[in-house]
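What follows is query_10.pdb (PDB, C-alpha atoms and all ligand atoms).
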ATOM      1  CA  MET A 343      91.427   2.221 -89.798
ATOM      2  CA  ASN A 344      88.933   5.055 -89.383
ATOM      3  CA  CYS A 345      89.278   8.202 -87.242
ATOM      4  CA  ASP A 346      87.276   6.840 -84.273
ATOM      5  CA  ALA A 347      89.444   3.721 -84.098
ATOM      6  CA  CYS A 348      92.542   5.866 -84.396
ATOM      7  CA  GLY A 349      91.378   8.163 -81.580
ATOM      8  CA  GLU A 350      90.921   5.166 -79.328
ATOM      9  CA  ARG A 351      94.660   4.585 -79.637
ATOM     10  CA  LEU A 352      95.674   8.133 -78.647
ATOM     11  CA  ILE A 353      96.352   7.404 -74.983
ATOM     12  CA  GLU A 354      98.554   4.379 -75.669
ATOM     13  CA  TRP A 355     100.268   6.373 -78.428
ATOM     14  CA  LEU A 356     101.044   9.085 -75.877
ATOM     15  CA  ASP A 357     102.398   6.345 -73.625
ATOM     16  CA  GLY A 358     104.861   5.411 -76.365
ATOM     17  CA  VAL A 359     103.083   2.548 -78.153
ATOM     18  CA  ARG A 360     103.651   2.747 -81.924
ATOM     19  CA  ALA A 361     101.391   0.562 -84.062
ATOM     20  CA  PRO A 362     101.790   0.447 -87.871
ATOM     21  CA  GLU A 363      98.065   0.855 -88.526
ATOM     22  CA  VAL A 364      97.938   4.001 -86.341
ATOM     23  CA  GLU A 365     101.043   5.483 -87.956
ATOM     24  CA  GLY A 366      99.558   4.675 -91.361
ATOM     25  CA  HIS A 367      96.304   6.461 -90.553
ATOM     26  CA  LEU A 368      98.098   9.482 -89.096
ATOM     27  CA  ALA A 369     100.209   9.806 -92.233
ATOM     28  CA  GLY A 370      97.095  10.209 -94.320
ATOM     29  CA  CYS A 371      94.689  12.018 -91.961
ATOM     30  CA  GLY A 372      95.344  15.652 -91.072
ATOM     31  CA  SER A 373      92.550  15.778 -88.523
ATOM     32  CA  CYS A 374      93.863  12.895 -86.435
ATOM     33  CA  ARG A 375      97.427  14.106 -86.876
ATOM     34  CA  GLY A 376      96.373  17.484 -85.493
ATOM     35  CA  LEU A 377      94.762  15.873 -82.451
ATOM     36  CA  PHE A 378      97.730  13.605 -81.766
ATOM     37  CA  GLU A 379     100.292  16.377 -82.169
ATOM     38  CA  THR A 380      98.341  18.763 -79.960
ATOM     39  CA  ALA A 381      98.003  16.041 -77.341
ATOM     40  CA  ARG A 382     101.727  15.342 -77.369
ATOM     41  CA  SER A 383     102.533  19.023 -77.050
ATOM     42  CA  THR A 384      99.952  19.417 -74.242
ATOM     43  CA  ALA A 385     101.558  16.550 -72.338
ATOM     44  CA  GLU A 386     105.020  18.068 -72.770
ATOM     45  CA  THR A 387     103.911  21.525 -71.682
ATOM     46  CA  LEU A 388     102.173  20.218 -68.577
ATOM     47  CA  ARG A 389     105.023  17.882 -67.645
ATOM     48  CA  SER A 390     107.469  20.770 -67.676
ATOM     49  CA  ALA A 391     105.139  23.118 -65.792
ATOM     50  CA  PRO A 392     106.868  25.031 -63.015
ATOM     51  CA  VAL A 393     105.980  23.942 -59.495
ATOM     52  CA  PRO A 394     105.040  26.912 -57.314
ATOM     53  CA  GLU A 395     105.832  26.603 -53.614
ATOM     54  CA  PRO A 396     102.905  26.856 -51.221
ATOM     55  CA  ARG A 397     103.244  29.637 -48.650
ATOM     56  CA  GLY A 398     100.798  28.136 -46.179
ATOM     57  CA  ARG A 399     102.173  27.135 -42.775
ATOM     58  CA  TRP A 400     101.251  24.485 -40.278
ATOM     59  CA  GLU A 401     100.338  27.184 -37.774
ATOM     60  CA  ASP A 402      97.537  28.377 -40.086
ATOM     61  CA  VAL A 403      96.007  24.909 -40.177
ATOM     62  CA  LEU A 404      96.393  24.531 -36.440
ATOM     63  CA  ARG A 405      94.619  27.839 -35.823
ATOM     64  CA  ARG A 406      91.682  26.812 -37.977
ATOM     65  CA  MET A 407      91.375  23.447 -36.289
ATOM     66  CA  ASP A 408      90.550  25.174 -33.039
ATOM     67  CA  ARG A 409      88.149  27.663 -34.562
ATOM     68  CA  PRO A 410      84.416  27.042 -34.825
ATOM     69  CA  ARG A 411      83.361  26.576 -38.423
ATOM     70  CA  ARG A 412      81.147  28.941 -40.469
ATOM     71  CA  ARG A 413      81.398  31.846 -38.085
ATOM     72  CA  TRP A 414      80.894  34.185 -41.012
ATOM     73  CA  TRP A 415      77.482  32.797 -41.850
ATOM     74  CA  PRO A 416      75.161  35.368 -40.201
ATOM     75  CA  ALA A 417      76.965  38.248 -41.919
ATOM     76  CA  ALA A 418      76.879  36.457 -45.253
ATOM     77  CA  ALA A 419      73.192  35.616 -44.942
ATOM     78  CA  ALA A 420      72.345  39.211 -44.081
ATOM     79  CA  ALA A 421      74.319  40.476 -47.035
ATOM     80  CA  ALA A 422      72.672  37.964 -49.327
ATOM     81  CA  ALA A 423      69.227  39.091 -48.189
ATOM     82  CA  VAL A 424      70.082  42.733 -48.862
ATOM     83  CA  ALA A 425      71.594  41.959 -52.219
ATOM     84  CA  ALA A 426      68.630  39.790 -53.165
ATOM     85  CA  ALA A 427      66.386  42.862 -53.117
ATOM     86  CA  GLY A 428      68.577  44.377 -55.785
ATOM     87  CA  LEU A 429      68.760  41.199 -57.795
ATOM     88  CA  LEU A 430      64.989  41.150 -58.173
ATOM     89  CA  ALA A 431      65.414  43.937 -60.691
ATOM     90  CA  ILE A 432      67.419  41.790 -63.075
ATOM     91  CA  PRO A 433      68.088  43.918 -66.122
ATOM     92  CA  ARG A 434      67.633  42.857 -69.683
ATOM     93  CA  ARG A 435      70.878  42.050 -71.352
ATOM     94  CA  ASP A 436      70.920  45.315 -73.306
ATOM     95  CA  GLU A 437      70.142  47.571 -70.345
ATOM     96  CA  ALA A 438      72.641  49.199 -68.038
ATOM     97  CA  PRO A 439      73.229  47.347 -64.754
ATOM     98  CA  PRO A 440      70.919  48.574 -61.976
ATOM     99  CA  LYS A 441      72.564  51.136 -59.698
ATOM    100  CA  ARG A 442      70.545  49.914 -56.726
ATOM    101  CA  LEU A 443      72.204  46.521 -56.750
ATOM    102  CA  ARG A 444      75.639  48.043 -56.874
ATOM    103  CA  ILE A 445      74.863  50.277 -53.875
ATOM    104  CA  GLU A 446      73.284  47.530 -51.826
ATOM    105  CA  VAL A 447      76.114  45.092 -52.384
ATOM    106  CA  VAL A 448      78.625  47.762 -51.415
ATOM    107  CA  GLU A 449      76.626  48.553 -48.270
ATOM    108  CA  ALA A 450      76.442  44.892 -47.358
ATOM    109  CA  GLY A 451      80.167  44.703 -47.970
ATOM    110  CA  ASP A 452      80.772  47.210 -45.169
ATOM    111  CA  ARG A 453      79.377  44.782 -42.644
ATOM    112  CA  ILE A 454      81.212  41.751 -43.895
ATOM    113  CA  GLU A 455      84.184  40.517 -41.927
ATOM    114  CA  PRO A 456      87.436  41.221 -43.708
ATOM    115  CA  GLY A 457      88.316  38.384 -46.014
ATOM    116  CA  LYS A 458      84.796  36.999 -46.038
ATOM    117  CA  ALA A 459      83.527  38.669 -49.207
ATOM    118  CA  ASP A 460      83.960  35.411 -51.088
ATOM    119  CA  ALA A 461      81.713  33.629 -48.629
ATOM    120  CA  VAL A 462      79.052  36.248 -49.308
ATOM    121  CA  MET A 463      79.348  35.696 -53.028
ATOM    122  CA  ASP A 464      79.071  31.960 -52.426
ATOM    123  CA  SER A 465      75.825  32.422 -50.534
ATOM    124  CA  LEU A 466      74.524  34.642 -53.322
ATOM    125  CA  GLU A 467      75.231  32.128 -56.026
ATOM    126  CA  ASP A 468      74.176  29.046 -54.164
ATOM    127  CA  GLY A 469      70.763  30.292 -53.159
ATOM    128  CA  THR A 470      69.606  33.732 -54.105
ATOM    129  CA  VAL A 471      70.578  33.904 -57.706
ATOM    130  CA  ALA A 472      69.385  30.412 -58.520
ATOM    131  CA  ASP A 473      66.014  31.035 -56.846
ATOM    132  CA  LEU A 474      65.549  34.229 -58.783
ATOM    133  CA  GLY A 475      66.402  32.559 -62.052
ATOM    134  CA  GLY A 476      69.362  34.839 -62.492
ATOM    135  CA  PRO A 477      72.608  34.072 -64.261
ATOM    136  CA  ARG A 478      74.767  31.282 -62.867
TER
ATOM    137  CA  MET B 974     125.138  10.149 -40.216
ATOM    138  CA  ILE B 975     124.116   6.631 -39.371
ATOM    139  CA  ALA B 976     121.741   7.848 -36.700
ATOM    140  CA  ALA B 977     120.096  10.188 -39.216
ATOM    141  CA  VAL B 978     119.587   7.402 -41.735
ATOM    142  CA  ALA B 979     118.063   5.168 -39.101
ATOM    143  CA  GLU B 980     115.665   7.930 -38.145
ATOM    144  CA  ILE B 981     114.516   8.415 -41.734
ATOM    145  CA  GLU B 982     113.912   4.708 -42.147
ATOM    146  CA  THR B 983     111.717   4.472 -39.093
ATOM    147  CA  LEU B 984     109.361   7.306 -40.098
ATOM    148  CA  PRO B 985     105.882   5.797 -40.157
ATOM    149  CA  ASP B 986     104.060   5.476 -43.473
ATOM    150  CA  ASP B 987     100.993   7.552 -44.360
ATOM    151  CA  GLU B 988      98.464   4.900 -43.421
ATOM    152  CA  THR B 989     100.005   4.437 -39.969
ATOM    153  CA  LEU B 990     100.027   8.180 -39.420
ATOM    154  CA  LEU B 991      96.405   8.401 -40.508
ATOM    155  CA  LEU B 992      95.416   5.819 -37.930
ATOM    156  CA  ARG B 993      97.098   7.951 -35.282
ATOM    157  CA  VAL B 994      95.395  11.088 -36.600
ATOM    158  CA  ALA B 995      92.084   9.274 -36.158
ATOM    159  CA  THR B 996      92.833   9.142 -32.426
ATOM    160  CA  GLY B 997      93.471  12.890 -32.379
ATOM    161  CA  ASP B 998      97.293  12.782 -32.626
ATOM    162  CA  ARG B 999      98.237  16.226 -33.924
ATOM    163  CA  GLU B1000     101.940  15.491 -34.349
ATOM    164  CA  SER B1001     101.092  12.725 -36.836
ATOM    165  CA  PHE B1002      98.725  15.125 -38.533
ATOM    166  CA  ARG B1003     101.532  17.640 -38.814
ATOM    167  CA  THR B1004     103.846  15.032 -40.364
ATOM    168  CA  LEU B1005     101.204  14.208 -42.991
ATOM    169  CA  TYR B1006     100.712  17.910 -43.648
ATOM    170  CA  GLU B1007     104.395  18.617 -44.167
ATOM    171  CA  ARG B1008     104.790  15.520 -46.308
ATOM    172  CA  HIS B1009     101.881  16.189 -48.659
ATOM    173  CA  ARG B1010     101.075  19.895 -48.623
ATOM    174  CA  ALA B1011     103.081  20.691 -51.775
ATOM    175  CA  ARG B1012     101.306  17.964 -53.732
ATOM    176  CA  VAL B1013      97.894  19.110 -52.511
ATOM    177  CA  PHE B1014      98.692  22.733 -53.268
ATOM    178  CA  HIS B1015      99.872  21.911 -56.754
ATOM    179  CA  VAL B1016      96.679  20.059 -57.685
ATOM    180  CA  ALA B1017      94.582  22.948 -56.358
ATOM    181  CA  TYR B1018      96.735  25.512 -58.114
ATOM    182  CA  ARG B1019      96.482  23.868 -61.511
ATOM    183  CA  VAL B1020      92.739  23.199 -61.334
ATOM    184  CA  THR B1021      91.786  26.664 -60.021
ATOM    185  CA  GLY B1022      94.609  28.576 -61.702
ATOM    186  CA  ASN B1023      94.891  30.798 -58.639
ATOM    187  CA  ALA B1024      97.578  30.605 -55.932
ATOM    188  CA  ASP B1025      95.453  32.251 -53.207
ATOM    189  CA  ASP B1026      92.578  29.868 -53.831
ATOM    190  CA  ALA B1027      95.036  26.992 -53.824
ATOM    191  CA  GLU B1028      96.407  28.033 -50.406
ATOM    192  CA  GLU B1029      92.901  28.133 -48.983
ATOM    193  CA  LEU B1030      91.954  24.803 -50.574
ATOM    194  CA  THR B1031      95.113  23.214 -49.211
ATOM    195  CA  GLN B1032      94.164  24.207 -45.674
ATOM    196  CA  GLU B1033      90.583  23.051 -46.148
ATOM    197  CA  THR B1034      91.743  19.727 -47.552
ATOM    198  CA  PHE B1035      93.863  19.012 -44.499
ATOM    199  CA  LEU B1036      91.081  20.078 -42.161
ATOM    200  CA  THR B1037      88.801  17.637 -43.971
ATOM    201  CA  LEU B1038      91.483  14.980 -43.623
ATOM    202  CA  TYR B1039      91.639  15.598 -39.876
ATOM    203  CA  ARG B1040      87.867  15.447 -39.462
ATOM    204  CA  GLU B1041      87.409  12.352 -41.617
ATOM    205  CA  ALA B1042      90.503  10.397 -40.607
ATOM    206  CA  ARG B1043      88.374   7.966 -38.646
ATOM    207  CA  SER B1044      86.159   7.087 -41.599
ATOM    208  CA  VAL B1045      88.809   6.239 -44.201
ATOM    209  CA  GLU B1046      90.025   2.913 -42.893
ATOM    210  CA  GLY B1047      90.122   0.296 -45.625
ATOM    211  CA  ARG B1048      89.459   2.750 -48.426
ATOM    212  CA  ALA B1049      91.816   3.722 -51.217
ATOM    213  CA  ARG B1050      95.495   4.451 -50.752
ATOM    214  CA  PHE B1051      96.156   7.538 -48.691
ATOM    215  CA  THR B1052      97.602   9.675 -51.496
ATOM    216  CA  THR B1053      94.784   9.021 -53.948
ATOM    217  CA  TRP B1054      92.222   9.615 -51.206
ATOM    218  CA  LEU B1055      93.864  12.912 -50.281
ATOM    219  CA  THR B1056      94.096  13.900 -53.941
ATOM    220  CA  SER B1057      90.429  13.124 -54.479
ATOM    221  CA  ILE B1058      89.537  15.493 -51.620
ATOM    222  CA  VAL B1059      91.507  18.415 -52.974
ATOM    223  CA  LEU B1060      90.416  17.679 -56.526
ATOM    224  CA  ASN B1061      86.715  17.802 -55.671
ATOM    225  CA  LYS B1062      87.140  20.980 -53.660
ATOM    226  CA  SER B1063      89.124  22.569 -56.472
ATOM    227  CA  ILE B1064      86.639  21.629 -59.186
ATOM    228  CA  ASN B1065      83.765  22.995 -57.103
ATOM    229  CA  LEU B1066      85.545  26.254 -56.410
ATOM    230  CA  ALA B1067      86.601  26.671 -60.036
ATOM    231  CA  LYS B1068      82.976  26.217 -61.108
ATOM    232  CA  GLN B1069      81.807  28.741 -58.505
ATOM    233  CA  ARG B1070      84.397  31.237 -59.647
ATOM    234  CA  GLN B1071      83.260  30.784 -63.222
ATOM    235  CA  GLY B1072      79.630  31.402 -62.247
ATOM    236  CA  ARG B1073      80.626  34.392 -60.124
ATOM    237  CA  SER B1074      82.655  35.897 -62.892
ATOM    238  CA  THR B1075      79.669  35.615 -65.246
ATOM    239  CA  LEU B1076      77.410  37.206 -62.619
ATOM    240  CA  LEU B1077      79.727  40.118 -61.929
ATOM    241  CA  LYS B1078      80.351  40.748 -65.591
ATOM    242  CA  ARG B1079      76.633  40.884 -66.175
ATOM    243  CA  PHE B1080      75.862  43.358 -63.394
ATOM    244  CA  PHE B1081      79.019  45.389 -63.218
ATOM    245  CA  GLY B1082      80.232  45.111 -66.769
ATOM    246  CA  ARG B1083      83.673  43.817 -65.851
ATOM    247  CA  PRO B1084      85.280  41.301 -63.558
ATOM    248  CA  ARG B1085      86.494  42.324 -60.115
ATOM    249  CA  GLU B1086      90.085  43.400 -59.879
ATOM    250  CA  ALA B1087      91.173  40.105 -58.366
ATOM    251  CA  GLU B1088      89.533  38.115 -61.119
ATOM    252  CA  ARG B1089      90.968  39.888 -64.097
ATOM    253  CA  PRO B1090      93.216  37.745 -66.243
ATOM    254  CA  ARG B1091      96.520  36.899 -64.603
ATOM    255  CA  GLN B1092      99.729  36.165 -66.408
ATOM    256  CA  PRO B1093      99.469  32.397 -66.572
ATOM    257  CA  ASP B1094     102.425  30.219 -67.505
ATOM    258  CA  ALA B1095     102.139  28.088 -70.650
ATOM    259  CA  ALA B1096     100.701  25.143 -68.713
ATOM    260  CA  GLN B1097      98.007  27.262 -67.068
ATOM    261  CA  GLY B1098      97.267  28.927 -70.394
ATOM    262  CA  LEU B1099      96.369  25.497 -71.753
ATOM    263  CA  LEU B1100      94.432  24.319 -68.689
ATOM    264  CA  ASP B1101      92.423  27.538 -68.456
ATOM    265  CA  ARG B1102      90.973  26.888 -71.900
ATOM    266  CA  VAL B1103      89.095  23.729 -70.946
ATOM    267  CA  ALA B1104      86.401  22.831 -68.407
ATOM    268  CA  GLU B1105      87.337  21.936 -64.809
ATOM    269  CA  ARG B1106      86.860  18.182 -65.209
ATOM    270  CA  TYR B1107      89.312  18.138 -68.099
ATOM    271  CA  ARG B1108      91.781  20.300 -66.188
ATOM    272  CA  ALA B1109      91.545  17.806 -63.353
ATOM    273  CA  VAL B1110      92.452  14.715 -65.359
ATOM    274  CA  LEU B1111      95.194  16.504 -67.326
ATOM    275  CA  THR B1112      96.684  17.736 -64.052
ATOM    276  CA  LEU B1113      96.672  14.271 -62.505
ATOM    277  CA  ARG B1114      98.275  12.656 -65.521
ATOM    278  CA  TYR B1115     100.894  15.153 -66.623
ATOM    279  CA  VAL B1116     101.487  17.624 -63.810
ATOM    280  CA  MET B1117     101.325  15.079 -60.980
ATOM    281  CA  GLY B1118     102.622  12.188 -63.095
ATOM    282  CA  TYR B1119      99.925   9.745 -61.942
ATOM    283  CA  SER B1120      99.572   6.348 -63.621
ATOM    284  CA  HIS B1121      96.251   5.480 -65.271
ATOM    285  CA  GLU B1122      95.549   3.227 -62.296
ATOM    286  CA  GLU B1123      96.165   6.024 -59.804
ATOM    287  CA  ILE B1124      93.920   8.372 -61.792
ATOM    288  CA  ALA B1125      91.194   5.720 -61.771
ATOM    289  CA  GLU B1126      91.539   5.338 -58.010
ATOM    290  CA  THR B1127      91.457   9.089 -57.461
ATOM    291  CA  LEU B1128      88.398   9.559 -59.654
ATOM    292  CA  ASP B1129      86.846   6.364 -58.277
ATOM    293  CA  CYS B1130      86.194   4.848 -61.700
ATOM    294  CA  PRO B1131      87.499   1.920 -63.783
ATOM    295  CA  VAL B1132      90.875   2.351 -65.514
ATOM    296  CA  GLY B1133      89.200   2.277 -68.931
ATOM    297  CA  THR B1134      86.968   5.164 -67.909
ATOM    298  CA  ALA B1135      89.958   7.129 -66.615
ATOM    299  CA  LYS B1136      91.700   6.719 -69.984
ATOM    300  CA  SER B1137      88.559   7.739 -71.780
ATOM    301  CA  LYS B1138      88.315  10.912 -69.649
ATOM    302  CA  LEU B1139      91.917  11.703 -70.526
ATOM    303  CA  PHE B1140      91.134  11.225 -74.212
ATOM    304  CA  GLN B1141      88.157  13.584 -73.925
ATOM    305  CA  ALA B1142      90.369  16.144 -72.201
ATOM    306  CA  HIS B1143      92.819  16.031 -75.111
ATOM    307  CA  GLN B1144      89.927  16.437 -77.541
ATOM    308  CA  ALA B1145      88.748  19.467 -75.561
ATOM    309  CA  VAL B1146      92.198  21.053 -75.736
ATOM    310  CA  ARG B1147      92.304  20.423 -79.466
ATOM    311  CA  ARG B1148      88.880  21.992 -79.951
ATOM    312  CA  ALA B1149      89.828  25.005 -77.848
ATOM    313  CA  ILE B1150      93.000  25.506 -79.874
ATOM    314  CA  GLU B1151      91.105  25.161 -83.122
ATOM    315  CA  GLY B1152      88.864  27.973 -81.894
ATOM    316  CA  GLU B1153      85.661  25.985 -81.767
ATOM    317  CA  GLY B1154      85.081  27.118 -78.192
ATOM    318  CA  GLU B1155      85.259  25.221 -74.975
ATOM    319  CA  ASP B1156      83.218  22.101 -74.576
ATOM    320  CA  GLU B1157      80.912  22.321 -71.590
TER
HETATM  321 ZN    ZN A1201      91.642  10.296 -88.903
END
Turn this file's structure into structure tokens for me.
Amino acid sequence: MNCDACGERLIEWLDGVRAPEVEGHLAGCGSCRGLFETARSTAETLRSAPVPEPRGRWEDVLRRMDRPRRRWWPAAAAAAAVAAAGLLAIPRRDEAPPKRLRIEVVEAGDRIEPGKADAVMDSLEDGTVADLGGPR
Amino acid sequence: MIAAVAEIETLPDDETLLLRVATGDRESFRTLYERHRARVFHVAYRVTGNADDAEELTQETFLTLYREARSVEGRARFTTWLTSIVLNKSINLAKQRQGRSTLLKRFFGRPREAERPRQPDAAQGLLDRVAERYRAVLTLRYVMGYSHEEIAETLDCPVGTAKSKLFQAHQAVRRAIEGEGEDE
């Protein structure tokens, strides 16, 4: 049995299937043994992961059901347009970040509804940055 | 006591409730929400690694459920359908966060306060080391305890493909632990 064939048996091995040819290969192959042991330990760690309780309440969902969607959009679009001006001056990797961008994003931030900063960042990444060939 | 038992036994199943939700029945929607919100939250939490994001994604998932209740008739089982919604939303958000973090680091030199490393538990420490699609399949299998068939249904692929994705996820974890960097 080679390593590829052995790897193909990993999932059934994790499910408890023990085949002599797999055990034989594992006994003599440190690389496969490493993969199999890591996989078993990964499965154990994830199975015993603590389960955090959600805090969200039904009332929050209900409130959003009756709210028009994307109300934040004009503010986000405006902020993206302002920030785009700064992004045009994309610095070389070894240069300091441009101060102008920092200022403009902060200014745009003042006009953003509380809690909507993430939406602004979304609009930046989805459109502006991609169009300018900036980092993703 | 007997009355209580009878009441539990007559609670409608998910598919019946969904049909009622499709007609705009908010009480049925609420029952589905209370029944499944912990499961939805947990998937979102493990894929994004962030409890606040997971709360938001949980709400969005149920709003999507409410809006699309009418279009799901005859599709996959309710739980795998619901899981596929939250999984896709979580993967997308995790990718966005990754891109954002790169952007902010580049321009501001460091991540925002909220995005600095948290104190993840051992499970999250493992999941955070691999790409979102691997986190997703590992979460379904080991955190949620899904069968290979349920994973296949959630990911809308054949069972063989689901197993192969799980294998690749284990390889990615192994590579990350060996220090060869995350596969992307
Ligand atoms: Zn081998």
Specify the axis-aligned box that encloses all atoms of region 1019-1033 of chain B listed in the file after padding of 6 Å on each side, stating its centre and edge lengths in Å to one decimal as AutoDock Vina command-line options.
--center_x 94.1 --center_y 27.7 --center_z -53.7 --size_x 19.0 --size_y 21.2 --size_z 28.0
- [ ] With only C-alpha atoms and all ligand atoms counted, collect every polymer residue having an atom within 9 Å of ligand ZN 1201 (chain A); state the result as a list in words.
- [x] Met343, Asn344, Cys345, Asp346, Ala347, Cys348, Gly349, His367, Leu368, Gly370, Cys371, Gly372, Ser373, Cys374 and Arg375 of chain A
- [ ] Using only C-alpha atoms, pick whichever of B:Ala1109, B:Val1059, B:Ala1011, B:Val1103 has the shortest atom-to-atom distance to chain A.
- [x]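 Looking only at the distances to chain A, the closest residue turns out to be B:Ala1011.
Residue nearest chain A within the list B:Ile1064, B:Leu1055, B:Ala1095, B:Ala1042: B:Ala1095 [criterion: smallest interatomic distance, only C-alpha atoms].
The spacing separating CA of Gly1022 (chain B) from CA of Glu1122 (chain B) amounts to 25.4 Å.
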Task: Pick from B:Pro985, B:Gly1098, B:Gly1072, B:Gly1133 nearest to Glu354 (chain A), counting all atoms listed in the file - done: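 Once distances to Glu354 (chain A) are computed over all atoms listed in the file, the minimum belongs to B:Gly1133.
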Open item on the list: Calculated over all atoms listed in the file, which of the candidates B:Asp1101, B:Pro1131, B:Tyr1119, B:Phe1014 has the smallest distance to chain A?
Closed with: B:Phe1014
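Note that the spacing between CA of Gln1032 (chain B) and CA of Asp402 (chain A) amounts to 7.7 Å.
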Task: One-decimal distance in Å that lies between CA of Leu356 (chain A) and CA of Ala1149 (chain B) - done: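 Computed distance, CA of Ala1149 (chain B) to CA of Leu356 (chain A), equals 19.6 Å.
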- [ ] Using the chain letters and numbers from the file, give me the residues hit by the PyMOL selection byres (((chain B and resi 1021) around 9) and not hetatm), as a VMD selection string.
- [x] chain B and resid 1016 to 1020 1022 to 1024 1026 to 1027 1063 to 1064 1066 to 1068 1070 1101 1105 1108
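Using all atoms listed in the file, the contacts of Asp987 (chain B) at a cut-off of 10 Å, with sequence neighbours closer than 6 positions omitted, comprise Arg993, Ser1001, Phe1002, Thr1004, Leu1005, Arg1008, His1009, Arg1050, Phe1051 and Thr1052 of chain B.
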With C-alpha atoms retained, could you export that selection as a short mmCIF file (atom, residue, chain, number, x, y, z; two decimals), in the coordinates of the input?
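Final output, result_29.cif:
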data_model
loop_
_atom_site.label_atom_id
_atom_site.label_comp_id
_atom_site.auth_asym_id
_atom_site.auth_seq_id
_atom_site.Cartn_x
_atom_site.Cartn_y
_atom_site.Cartn_z
CA ARG B 993 97.10 7.95 -35.28
CA SER B 1001 101.09 12.72 -36.84
CA PHE B 1002 98.72 15.12 -38.53
CA THR B 1004 103.85 15.03 -40.36
CA LEU B 1005 101.20 14.21 -42.99
CA ARG B 1008 104.79 15.52 -46.31
CA HIS B 1009 101.88 16.19 -48.66
CA ARG B 1050 95.50 4.45 -50.75
CA PHE B 1051 96.16 7.54 -48.69
CA THR B 1052 97.60 9.68 -51.50
#
- [ ] Name the residues that the PyMOL selection byres (((chain B and resi 1054) around 10) and not hetatm) pulls out of this structure, and write them as an MDAnalysis selection string.
- [x] chainID B and resid 1038 1045 1048:1053 1055:1060 1126:1129
Task: Who sits within 9 Å of Leu352 (chain A), all atoms listed in the file, same chain under 5 positions skipped, as a list in words - done: Asp357, Leu377, Phe378 and Ala381 of chain A; Phe1140 of chain B
TODO: Go through B:Leu1036, B:Cys1130, B:Leu992, B:Leu984 one by one, measure the shortest atom-to-atom distance of each to chain A using all atoms listed in the file, and give the residue with the smallest value.
DONE: B:Leu1036
Open item on the list: For a quick check of understanding, using all atoms listed in the file, which of B:Ala1096, B:Leu1113, B:Leu991, B:Gln1141 has the smallest distance to chain A?
Closed with: B:Ala1096
- [ ] Quick one: everything within 8 Å of Glu1028 (chain B), counting all atoms listed in the file, minus sequence neighbours fewer than 5 positions away in the same chain. Send it as a list in words.
- [x]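 Final neighbour list, sorted by chain and number: Pro396, Arg397 and Gly398 of chain A; Phe1014 of chain B.
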TODO: Starting from the shown file, work through the PyMOL selection byres (((chain B and resi 1139) around 8) and not hetatm) and note down what comes out as a PyMOL selection string.
DONE: (chain A and resi 353) or (chain B and resi 1107+1110-1111+1135-1138+1140-1143)
Go ahead and save the picked residues with C-alpha atoms, as a PDB file, keeping the file's coordinate frame.
ATOM      1  CA  ILE A 353      96.352   7.404 -74.983  1.00  0.00           C
TER       2      ILE A 353
ATOM      3  CA  TYR B1107      89.312  18.138 -68.099  1.00  0.00           C
ATOM      4  CA  VAL B1110      92.452  14.715 -65.359  1.00  0.00           C
ATOM      5  CA  LEU B1111      95.194  16.504 -67.326  1.00  0.00           C
ATOM      6  CA  ALA B1135      89.958   7.129 -66.615  1.00  0.00           C
ATOM      7  CA  LYS B1136      91.700   6.719 -69.984  1.00  0.00           C
ATOM      8  CA  SER B1137      88.559   7.739 -71.780  1.00  0.00           C
ATOM      9  CA  LYS B1138      88.315  10.912 -69.649  1.00  0.00           C
ATOM     10  CA  PHE B1140      91.134  11.225 -74.212  1.00  0.00           C
ATOM     11  CA  GLN B1141      88.157  13.584 -73.925  1.00  0.00           C
ATOM     12  CA  ALA B1142      90.369  16.144 -72.201  1.00  0.00           C
ATOM     13  CA  HIS B1143      92.819  16.031 -75.111  1.00  0.00           C
TER      14      HIS B1143
END
